[in-house]
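Asks: Just final24.cif, nothing more (mmCIF, N, CA and C atoms):
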data_query
loop_
_atom_site.label_atom_id
_atom_site.label_comp_id
_atom_site.auth_asym_id
_atom_site.auth_seq_id
_atom_site.Cartn_x
_atom_site.Cartn_y
_atom_site.Cartn_z
N MET Y 1 121.38 -10.80 149.34
CA MET Y 1 122.41 -11.72 149.77
C MET Y 1 121.76 -12.83 150.55
N ASP Y 2 122.31 -14.02 150.42
CA ASP Y 2 121.74 -15.20 151.05
C ASP Y 2 122.83 -16.13 151.56
N ILE Y 3 122.51 -16.86 152.62
CA ILE Y 3 123.30 -18.04 152.96
C ILE Y 3 122.70 -19.15 152.10
N VAL Y 4 123.47 -19.58 151.11
CA VAL Y 4 122.94 -20.49 150.10
C VAL Y 4 123.11 -21.95 150.45
N THR Y 5 124.12 -22.27 151.26
CA THR Y 5 124.35 -23.66 151.63
C THR Y 5 124.88 -23.71 153.06
N ALA Y 6 124.33 -24.64 153.82
CA ALA Y 6 124.85 -24.95 155.16
C ALA Y 6 125.10 -26.45 155.18
N THR Y 7 126.31 -26.84 155.56
CA THR Y 7 126.70 -28.25 155.53
C THR Y 7 127.23 -28.66 156.90
N ALA Y 8 126.73 -29.80 157.39
CA ALA Y 8 127.21 -30.38 158.65
C ALA Y 8 128.07 -31.58 158.31
N MET Y 9 129.26 -31.67 158.96
CA MET Y 9 130.19 -32.77 158.72
C MET Y 9 130.56 -33.40 160.05
N ARG Y 10 130.57 -34.74 160.09
CA ARG Y 10 131.00 -35.49 161.27
C ARG Y 10 131.83 -36.66 160.81
N ASP Y 11 132.81 -37.03 161.63
CA ASP Y 11 133.65 -38.19 161.31
C ASP Y 11 132.78 -39.42 161.12
N GLY Y 12 133.03 -40.14 160.04
CA GLY Y 12 132.31 -41.38 159.78
C GLY Y 12 130.96 -41.21 159.11
N PHE Y 13 130.57 -39.97 158.83
CA PHE Y 13 129.29 -39.70 158.20
C PHE Y 13 129.50 -38.87 156.93
N ARG Y 14 128.59 -39.00 156.00
CA ARG Y 14 128.63 -38.16 154.80
C ARG Y 14 128.26 -36.73 155.19
N PRO Y 15 128.80 -35.73 154.48
CA PRO Y 15 128.36 -34.35 154.72
C PRO Y 15 126.86 -34.23 154.46
N HIS Y 16 126.19 -33.42 155.26
CA HIS Y 16 124.74 -33.26 155.17
C HIS Y 16 124.41 -31.79 154.98
N VAL Y 17 123.78 -31.45 153.87
CA VAL Y 17 123.30 -30.08 153.64
C VAL Y 17 122.01 -29.93 154.43
N PHE Y 18 121.94 -28.87 155.25
CA PHE Y 18 120.77 -28.70 156.11
C PHE Y 18 120.14 -27.32 155.94
N SER Y 19 118.88 -27.24 156.36
CA SER Y 19 118.10 -26.01 156.25
C SER Y 19 118.07 -25.28 157.59
N SER Y 20 117.71 -24.01 157.54
CA SER Y 20 117.58 -23.20 158.75
C SER Y 20 116.60 -23.88 159.71
N GLY Y 21 117.04 -24.06 160.97
CA GLY Y 21 116.19 -24.64 162.01
C GLY Y 21 116.24 -26.15 162.10
N GLU Y 22 116.81 -26.82 161.11
CA GLU Y 22 116.88 -28.29 161.12
C GLU Y 22 117.83 -28.76 162.21
N PRO Y 23 117.45 -29.77 163.00
CA PRO Y 23 118.34 -30.26 164.07
C PRO Y 23 119.65 -30.84 163.52
N ILE Y 24 120.76 -30.48 164.18
CA ILE Y 24 122.10 -30.92 163.80
C ILE Y 24 122.76 -31.53 165.04
N ALA Y 25 123.49 -32.61 164.85
CA ALA Y 25 124.13 -33.30 165.97
C ALA Y 25 125.26 -32.46 166.57
N ARG Y 26 125.30 -32.42 167.88
CA ARG Y 26 126.39 -31.77 168.60
C ARG Y 26 127.70 -32.46 168.20
N GLY Y 27 128.76 -31.68 168.07
CA GLY Y 27 130.05 -32.21 167.67
C GLY Y 27 130.30 -32.14 166.17
N SER Y 28 129.31 -31.69 165.42
CA SER Y 28 129.48 -31.55 163.97
C SER Y 28 130.34 -30.33 163.66
N GLU Y 29 131.00 -30.35 162.52
CA GLU Y 29 131.69 -29.18 161.97
C GLU Y 29 130.74 -28.59 160.94
N LEU Y 30 130.53 -27.28 161.00
CA LEU Y 30 129.56 -26.63 160.13
C LEU Y 30 130.24 -25.69 159.15
N ARG Y 31 129.76 -25.69 157.92
CA ARG Y 31 130.24 -24.75 156.91
C ARG Y 31 129.04 -24.01 156.34
N PHE Y 32 129.16 -22.68 156.30
CA PHE Y 32 128.11 -21.84 155.75
C PHE Y 32 128.68 -21.11 154.54
N ASP Y 33 127.96 -21.14 153.43
CA ASP Y 33 128.36 -20.46 152.21
C ASP Y 33 127.33 -19.40 151.87
N ALA Y 34 127.80 -18.18 151.62
CA ALA Y 34 126.90 -17.07 151.28
C ALA Y 34 127.24 -16.55 149.89
N ARG Y 35 126.25 -15.93 149.28
CA ARG Y 35 126.42 -15.35 147.95
C ARG Y 35 125.86 -13.93 147.98
N THR Y 36 126.54 -13.03 147.27
CA THR Y 36 126.07 -11.65 147.18
C THR Y 36 126.26 -11.13 145.76
N GLU Y 37 125.42 -10.17 145.40
CA GLU Y 37 125.54 -9.50 144.11
C GLU Y 37 126.32 -8.19 144.24
N VAL Y 38 126.75 -7.83 145.45
CA VAL Y 38 127.49 -6.60 145.69
C VAL Y 38 128.84 -6.70 144.97
N LYS Y 39 129.19 -5.66 144.24
CA LYS Y 39 130.47 -5.63 143.51
C LYS Y 39 131.61 -5.35 144.48
N ARG Y 40 132.73 -6.03 144.24
CA ARG Y 40 133.93 -5.82 145.04
C ARG Y 40 134.52 -4.46 144.72
N PRO Y 41 135.25 -3.86 145.61
CA PRO Y 41 135.70 -4.36 146.91
C PRO Y 41 134.63 -4.14 147.98
N PHE Y 42 134.63 -5.02 148.97
CA PHE Y 42 133.77 -4.90 150.14
C PHE Y 42 134.39 -5.70 151.28
N GLU Y 43 133.84 -5.51 152.47
CA GLU Y 43 134.24 -6.30 153.64
C GLU Y 43 133.09 -7.24 153.98
N VAL Y 44 133.42 -8.40 154.50
CA VAL Y 44 132.39 -9.35 154.93
C VAL Y 44 132.54 -9.59 156.43
N PHE Y 45 131.41 -9.63 157.11
CA PHE Y 45 131.37 -9.91 158.54
C PHE Y 45 130.33 -10.99 158.79
N TRP Y 46 130.60 -11.81 159.79
CA TRP Y 46 129.67 -12.85 160.20
C TRP Y 46 129.29 -12.59 161.65
N GLN Y 47 128.00 -12.67 161.94
CA GLN Y 47 127.53 -12.56 163.32
C GLN Y 47 127.01 -13.92 163.75
N ILE Y 48 127.64 -14.48 164.77
CA ILE Y 48 127.24 -15.76 165.32
C ILE Y 48 126.70 -15.50 166.72
N VAL Y 49 125.48 -15.97 166.99
CA VAL Y 49 124.87 -15.79 168.30
C VAL Y 49 124.62 -17.17 168.90
N ASN Y 50 125.32 -17.47 169.99
CA ASN Y 50 125.08 -18.70 170.73
C ASN Y 50 124.09 -18.40 171.84
N THR Y 51 123.24 -19.38 172.16
CA THR Y 51 122.26 -19.23 173.23
C THR Y 51 122.33 -20.46 174.14
N GLY Y 52 121.63 -20.40 175.24
CA GLY Y 52 121.49 -21.57 176.10
C GLY Y 52 122.45 -21.61 177.26
N GLU Y 53 122.12 -22.48 178.20
CA GLU Y 53 122.88 -22.59 179.45
C GLU Y 53 124.32 -23.04 179.22
N ALA Y 54 124.54 -24.02 178.35
CA ALA Y 54 125.90 -24.53 178.11
C ALA Y 54 126.80 -23.43 177.56
N ALA Y 55 126.30 -22.64 176.63
CA ALA Y 55 127.09 -21.54 176.07
C ALA Y 55 127.32 -20.45 177.12
N ARG Y 56 126.31 -20.20 177.96
CA ARG Y 56 126.46 -19.20 179.02
C ARG Y 56 127.52 -19.62 180.01
N VAL Y 57 127.47 -20.88 180.46
CA VAL Y 57 128.45 -21.39 181.43
C VAL Y 57 129.86 -21.33 180.84
N ALA Y 58 129.99 -21.61 179.55
CA ALA Y 58 131.29 -21.57 178.88
C ALA Y 58 131.71 -20.13 178.54
N ARG Y 59 130.85 -19.17 178.85
CA ARG Y 59 131.09 -17.75 178.52
C ARG Y 59 131.35 -17.57 177.03
N ASP Y 60 130.49 -18.22 176.25
CA ASP Y 60 130.64 -18.18 174.79
C ASP Y 60 129.30 -17.87 174.12
N LEU Y 61 128.54 -16.93 174.69
CA LEU Y 61 127.26 -16.56 174.08
C LEU Y 61 127.46 -15.83 172.76
N ARG Y 62 128.51 -15.10 172.64
CA ARG Y 62 128.91 -14.39 171.42
C ARG Y 62 127.86 -13.37 170.99
N GLY Y 63 127.90 -12.97 169.73
CA GLY Y 63 126.97 -11.97 169.22
C GLY Y 63 127.67 -10.82 168.53
N GLY Y 64 129.01 -10.78 168.62
CA GLY Y 64 129.76 -9.73 167.94
C GLY Y 64 129.86 -10.00 166.45
N PHE Y 65 130.63 -9.17 165.78
CA PHE Y 65 130.81 -9.29 164.33
C PHE Y 65 132.24 -9.72 164.05
N ASP Y 66 132.39 -10.88 163.42
CA ASP Y 66 133.71 -11.43 163.09
C ASP Y 66 134.01 -11.14 161.62
N ALA Y 67 135.16 -10.53 161.37
CA ALA Y 67 135.56 -10.26 159.99
C ALA Y 67 135.79 -11.57 159.26
N GLY Y 68 135.37 -11.61 158.02
CA GLY Y 68 135.57 -12.79 157.18
C GLY Y 68 136.51 -12.48 156.05
N ASP Y 69 136.97 -13.52 155.39
CA ASP Y 69 137.85 -13.35 154.24
C ASP Y 69 137.03 -13.12 152.99
N VAL Y 70 137.50 -12.20 152.16
CA VAL Y 70 136.88 -11.96 150.86
C VAL Y 70 137.76 -12.64 149.83
N THR Y 71 137.28 -13.74 149.30
CA THR Y 71 138.03 -14.53 148.33
C THR Y 71 137.19 -14.67 147.07
N PRO Y 72 137.83 -15.01 145.95
CA PRO Y 72 137.03 -15.26 144.74
C PRO Y 72 136.06 -16.42 144.99
N GLY Y 73 134.91 -16.32 144.40
CA GLY Y 73 133.92 -17.38 144.58
C GLY Y 73 133.02 -17.08 145.75
N VAL Y 74 132.69 -18.12 146.49
CA VAL Y 74 131.71 -18.02 147.56
C VAL Y 74 132.35 -17.50 148.85
N LEU Y 75 131.53 -16.89 149.71
CA LEU Y 75 131.97 -16.44 151.02
C LEU Y 75 131.63 -17.55 152.01
N SER Y 76 132.62 -18.04 152.74
CA SER Y 76 132.41 -19.21 153.61
C SER Y 76 132.80 -18.91 155.05
N ARG Y 77 132.14 -19.64 155.96
CA ARG Y 77 132.46 -19.54 157.38
C ARG Y 77 132.34 -20.94 157.99
N TYR Y 78 133.33 -21.32 158.79
CA TYR Y 78 133.32 -22.61 159.49
C TYR Y 78 133.06 -22.37 160.97
N GLU Y 79 132.22 -23.20 161.56
CA GLU Y 79 131.91 -23.14 162.99
C GLU Y 79 131.76 -24.55 163.52
N GLY Y 80 131.96 -24.71 164.82
CA GLY Y 80 131.71 -25.99 165.47
C GLY Y 80 130.32 -25.98 166.10
N ALA Y 81 129.70 -27.14 166.18
CA ALA Y 81 128.39 -27.30 166.83
C ALA Y 81 128.63 -27.82 168.24
N GLU Y 82 128.90 -26.90 169.17
CA GLU Y 82 129.32 -27.29 170.51
C GLU Y 82 128.23 -27.28 171.56
N TYR Y 83 127.29 -26.35 171.46
CA TYR Y 83 126.33 -26.15 172.55
C TYR Y 83 124.92 -26.49 172.11
N PRO Y 84 124.19 -27.29 172.90
CA PRO Y 84 122.81 -27.57 172.55
C PRO Y 84 121.97 -26.29 172.58
N GLY Y 85 120.97 -26.24 171.74
CA GLY Y 85 120.08 -25.08 171.69
C GLY Y 85 119.97 -24.54 170.28
N THR Y 86 119.22 -23.46 170.16
CA THR Y 86 119.04 -22.81 168.86
C THR Y 86 119.90 -21.56 168.82
N HIS Y 87 120.76 -21.49 167.83
CA HIS Y 87 121.70 -20.40 167.65
C HIS Y 87 121.44 -19.78 166.28
N SER Y 88 122.16 -18.70 165.95
CA SER Y 88 121.96 -18.10 164.63
C SER Y 88 123.28 -17.62 164.06
N ILE Y 89 123.29 -17.54 162.74
CA ILE Y 89 124.43 -16.99 162.01
C ILE Y 89 123.87 -16.08 160.92
N GLU Y 90 124.57 -14.98 160.67
CA GLU Y 90 124.16 -14.04 159.64
C GLU Y 90 125.42 -13.50 158.97
N CYS Y 91 125.34 -13.30 157.66
CA CYS Y 91 126.44 -12.72 156.89
C CYS Y 91 126.08 -11.29 156.52
N LEU Y 92 127.05 -10.37 156.68
CA LEU Y 92 126.83 -8.96 156.39
C LEU Y 92 127.93 -8.44 155.47
N ILE Y 93 127.56 -7.56 154.54
CA ILE Y 93 128.51 -6.96 153.61
C ILE Y 93 128.57 -5.46 153.88
N VAL Y 94 129.80 -4.96 154.06
CA VAL Y 94 130.04 -3.54 154.29
C VAL Y 94 130.89 -3.01 153.14
N LYS Y 95 130.41 -1.92 152.53
CA LYS Y 95 131.13 -1.29 151.42
C LYS Y 95 131.22 0.20 151.71
N ASP Y 96 132.42 0.74 151.61
CA ASP Y 96 132.65 2.16 151.87
C ASP Y 96 132.11 2.57 153.24
N GLY Y 97 132.25 1.67 154.23
CA GLY Y 97 131.84 1.97 155.59
C GLY Y 97 130.36 1.84 155.87
N LEU Y 98 129.58 1.41 154.89
CA LEU Y 98 128.13 1.28 155.05
C LEU Y 98 127.68 -0.17 154.90
N LEU Y 99 126.72 -0.57 155.72
CA LEU Y 99 126.12 -1.89 155.56
C LEU Y 99 125.26 -1.87 154.31
N VAL Y 100 125.59 -2.71 153.33
CA VAL Y 100 124.87 -2.70 152.06
C VAL Y 100 124.09 -3.99 151.80
N ALA Y 101 124.38 -5.05 152.55
CA ALA Y 101 123.65 -6.31 152.36
C ALA Y 101 123.76 -7.16 153.61
N ARG Y 102 122.69 -7.90 153.87
CA ARG Y 102 122.72 -8.86 154.98
C ARG Y 102 121.86 -10.05 154.60
N SER Y 103 122.28 -11.21 155.07
CA SER Y 103 121.61 -12.45 154.68
C SER Y 103 120.32 -12.71 155.44
N GLY Y 104 120.18 -12.14 156.61
CA GLY Y 104 119.10 -12.53 157.50
C GLY Y 104 119.58 -13.71 158.34
N SER Y 105 118.95 -13.93 159.46
CA SER Y 105 119.39 -14.99 160.38
C SER Y 105 119.10 -16.38 159.82
N PHE Y 106 120.11 -17.24 159.93
CA PHE Y 106 119.98 -18.66 159.62
C PHE Y 106 120.06 -19.36 160.96
N LEU Y 107 119.02 -20.13 161.30
CA LEU Y 107 118.96 -20.77 162.61
C LEU Y 107 119.66 -22.12 162.59
N VAL Y 108 120.43 -22.37 163.65
CA VAL Y 108 121.18 -23.62 163.80
C VAL Y 108 120.73 -24.25 165.12
N THR Y 109 120.06 -25.39 165.03
CA THR Y 109 119.54 -26.08 166.21
C THR Y 109 120.43 -27.28 166.50
N ILE Y 110 121.16 -27.20 167.60
CA ILE Y 110 122.10 -28.26 167.99
C ILE Y 110 121.42 -29.17 169.01
N VAL Y 111 121.45 -30.48 168.74
CA VAL Y 111 120.83 -31.46 169.65
C VAL Y 111 121.87 -32.44 170.15
#
Could you take the file, read its structure, and then write that structure out as structure tokens?
Replies:
Amino acid sequence: MDIVTATAMRDGFRPHVFSSGEPIARGSELRFDARTEVKRPFEVFWQIVNTGEAARVARDLRGGFDAGDVTPGVLSRYEGAEYPGTHSIECLIVKDGLLVARSGSFLVTIV
């Protein structure tokens, strides 16, 4: 399983497909698309980890597992780019109560 596309969107700018670790402007809206070969039915979870002083002060370091929607086609997650620093996102697939696939960490560097 992989995060196949990460897109940053800002008012007045064209959407920008970015790579893991590439700097992204604060205030952008982010979309992550993942793909898996696991056969349905399954559950999808996203783990978002915020780091840095701004996220700590806002009490938004996160790190838990957020349930995602399982829809036909690609698995997507939207996030805001609020806090400067390097953060991560990972997609996980659970089937019959067992973790069967994970994307690995995709790094998001907010400047």
Asks: Could you please determine the separation between atom CA of Glu37 of chain Y and atom CA of Ala8 of chain Y in Å, to one decimal place?
Replies: 25.5 Å
Asks: Can you check which residues of chain Y DSSP gives as strand (DSSP E or B) on the backbone and send them as a PyMOL selection string?
Replies: chain Y and resi 2-9+16-17+23-24+29-35+43-49+62-68+75-80+85-95+98-102+106-110
Asks: Can you list what the PyMOL selection byres ((chain Y and resi 101-109) around 6.5) grabs from this structure, as an MDAnalysis selection string?
Replies: chainID Y and resid 1:3 19:25 84:94 98:100 110:111
Asks: Dump N, CA and C atoms for the selected residues as a compact mmCIF listing (two decimals), in the frame of the given file?
Replies:
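For reference, part.txt as written:
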# COMPACT_ATOMS: atom_id res chain seq x y z
N MET Y 1 121.38 -10.80 149.34
CA MET Y 1 122.41 -11.72 149.77
C MET Y 1 121.76 -12.83 150.55
N ASP Y 2 122.31 -14.02 150.42
CA ASP Y 2 121.74 -15.20 151.05
C ASP Y 2 122.83 -16.13 151.56
N ILE Y 3 122.51 -16.86 152.62
CA ILE Y 3 123.30 -18.04 152.96
C ILE Y 3 122.70 -19.15 152.10
N SER Y 19 118.88 -27.24 156.36
CA SER Y 19 118.10 -26.01 156.25
C SER Y 19 118.07 -25.28 157.59
N SER Y 20 117.71 -24.01 157.54
CA SER Y 20 117.58 -23.20 158.75
C SER Y 20 116.60 -23.88 159.71
N GLY Y 21 117.04 -24.06 160.97
CA GLY Y 21 116.19 -24.64 162.01
C GLY Y 21 116.24 -26.15 162.10
N GLU Y 22 116.81 -26.82 161.11
CA GLU Y 22 116.88 -28.29 161.12
C GLU Y 22 117.83 -28.76 162.21
N PRO Y 23 117.45 -29.77 163.00
CA PRO Y 23 118.34 -30.26 164.07
C PRO Y 23 119.65 -30.84 163.52
N ILE Y 24 120.76 -30.48 164.18
CA ILE Y 24 122.10 -30.92 163.80
C ILE Y 24 122.76 -31.53 165.04
N ALA Y 25 123.49 -32.61 164.85
CA ALA Y 25 124.13 -33.30 165.97
C ALA Y 25 125.26 -32.46 166.57
N PRO Y 84 124.19 -27.29 172.90
CA PRO Y 84 122.81 -27.57 172.55
C PRO Y 84 121.97 -26.29 172.58
N GLY Y 85 120.97 -26.24 171.74
CA GLY Y 85 120.08 -25.08 171.69
C GLY Y 85 119.97 -24.54 170.28
N THR Y 86 119.22 -23.46 170.16
CA THR Y 86 119.04 -22.81 168.86
C THR Y 86 119.90 -21.56 168.82
N HIS Y 87 120.76 -21.49 167.83
CA HIS Y 87 121.70 -20.40 167.65
C HIS Y 87 121.44 -19.78 166.28
N SER Y 88 122.16 -18.70 165.95
CA SER Y 88 121.96 -18.10 164.63
C SER Y 88 123.28 -17.62 164.06
N ILE Y 89 123.29 -17.54 162.74
CA ILE Y 89 124.43 -16.99 162.01
C ILE Y 89 123.87 -16.08 160.92
N GLU Y 90 124.57 -14.98 160.67
CA GLU Y 90 124.16 -14.04 159.64
C GLU Y 90 125.42 -13.50 158.97
N CYS Y 91 125.34 -13.30 157.66
CA CYS Y 91 126.44 -12.72 156.89
C CYS Y 91 126.08 -11.29 156.52
N LEU Y 92 127.05 -10.37 156.68
CA LEU Y 92 126.83 -8.96 156.39
C LEU Y 92 127.93 -8.44 155.47
N ILE Y 93 127.56 -7.56 154.54
CA ILE Y 93 128.51 -6.96 153.61
C ILE Y 93 128.57 -5.46 153.88
N VAL Y 94 129.80 -4.96 154.06
CA VAL Y 94 130.04 -3.54 154.29
C VAL Y 94 130.89 -3.01 153.14
N LEU Y 98 129.58 1.41 154.89
CA LEU Y 98 128.13 1.28 155.05
C LEU Y 98 127.68 -0.17 154.90
N LEU Y 99 126.72 -0.57 155.72
CA LEU Y 99 126.12 -1.89 155.56
C LEU Y 99 125.26 -1.87 154.31
N VAL Y 100 125.59 -2.71 153.33
CA VAL Y 100 124.87 -2.70 152.06
C VAL Y 100 124.09 -3.99 151.80
N ILE Y 110 121.16 -27.20 167.60
CA ILE Y 110 122.10 -28.26 167.99
C ILE Y 110 121.42 -29.17 169.01
N VAL Y 111 121.45 -30.48 168.74
CA VAL Y 111 120.83 -31.46 169.65
C VAL Y 111 121.87 -32.44 170.15
Asks: Just how far from atom CA of Glu79 of chain Y is atom CA of Leu30 of chain Y, in Å to one decimal?
Replies: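 Those two atoms sit 5.1 Å apart.
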Asks: For the structure provided, state which residues fall under the PyMOL selection byres (((chain Y and resi 33 and name CA) around 9) and name CA), and present them as a list in words.
Replies: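 On the file shown, the PyMOL selection byres (((chain Y and resi 33 and name CA) around 9) and name CA) covers Asp2, Ile3, Val4, Thr5, Ala6, Thr7, Arg31, Phe32, Ala34, Arg35, Val74, Leu75, Ser76 and Arg77 of chain Y.
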Asks: Could you state which residues are captured by the PyMOL selection byres ((chain Y and resi 82) around 6) in this file, as an MDAnalysis selection string?
Replies: chainID Y and resid 26:27 80:81 83:84
Asks: Just the selected residues (N, CA and C atoms), exported as an mmCIF file, in the frame of the given file, please.
Replies:
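again.cif, written as the output of this step:
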data_model
loop_
_atom_site.group_PDB
_atom_site.id
_atom_site.type_symbol
_atom_site.label_atom_id
_atom_site.label_comp_id
_atom_site.auth_asym_id
_atom_site.auth_seq_id
_atom_site.Cartn_x
_atom_site.Cartn_y
_atom_site.Cartn_z
ATOM 1 N N ARG Y 26 125.300 -32.420 167.880
ATOM 2 C CA ARG Y 26 126.390 -31.770 168.600
ATOM 3 C C ARG Y 26 127.700 -32.460 168.200
ATOM 4 N N GLY Y 27 128.760 -31.680 168.070
ATOM 5 C CA GLY Y 27 130.050 -32.210 167.670
ATOM 6 C C GLY Y 27 130.300 -32.140 166.170
ATOM 7 N N GLY Y 80 131.960 -24.710 164.820
ATOM 8 C CA GLY Y 80 131.710 -25.990 165.470
ATOM 9 C C GLY Y 80 130.320 -25.980 166.100
ATOM 10 N N ALA Y 81 129.700 -27.140 166.180
ATOM 11 C CA ALA Y 81 128.390 -27.300 166.830
ATOM 12 C C ALA Y 81 128.630 -27.820 168.240
ATOM 13 N N TYR Y 83 127.290 -26.350 171.460
ATOM 14 C CA TYR Y 83 126.330 -26.150 172.550
ATOM 15 C C TYR Y 83 124.920 -26.490 172.110
ATOM 16 N N PRO Y 84 124.190 -27.290 172.900
ATOM 17 C CA PRO Y 84 122.810 -27.570 172.550
ATOM 18 C C PRO Y 84 121.970 -26.290 172.580
#
Asks: For atom CA of Phe42 of chain Y and atom CA of Gly73 of chain Y, quote the distance in Å rounded to one decimal.
Replies: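 Distance reported for this atom pair: 13.7 Å.
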Asks: Could you tell me, as a list in words, which residues of chain Y DSSP assigns to alpha helix (DSSP H) when given the backbone?
Replies: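 Answer for chain Y, restricted to alpha helix (DSSP H): Glu53, Ala54, Ala55, Arg56 and Val57 of chain Y.
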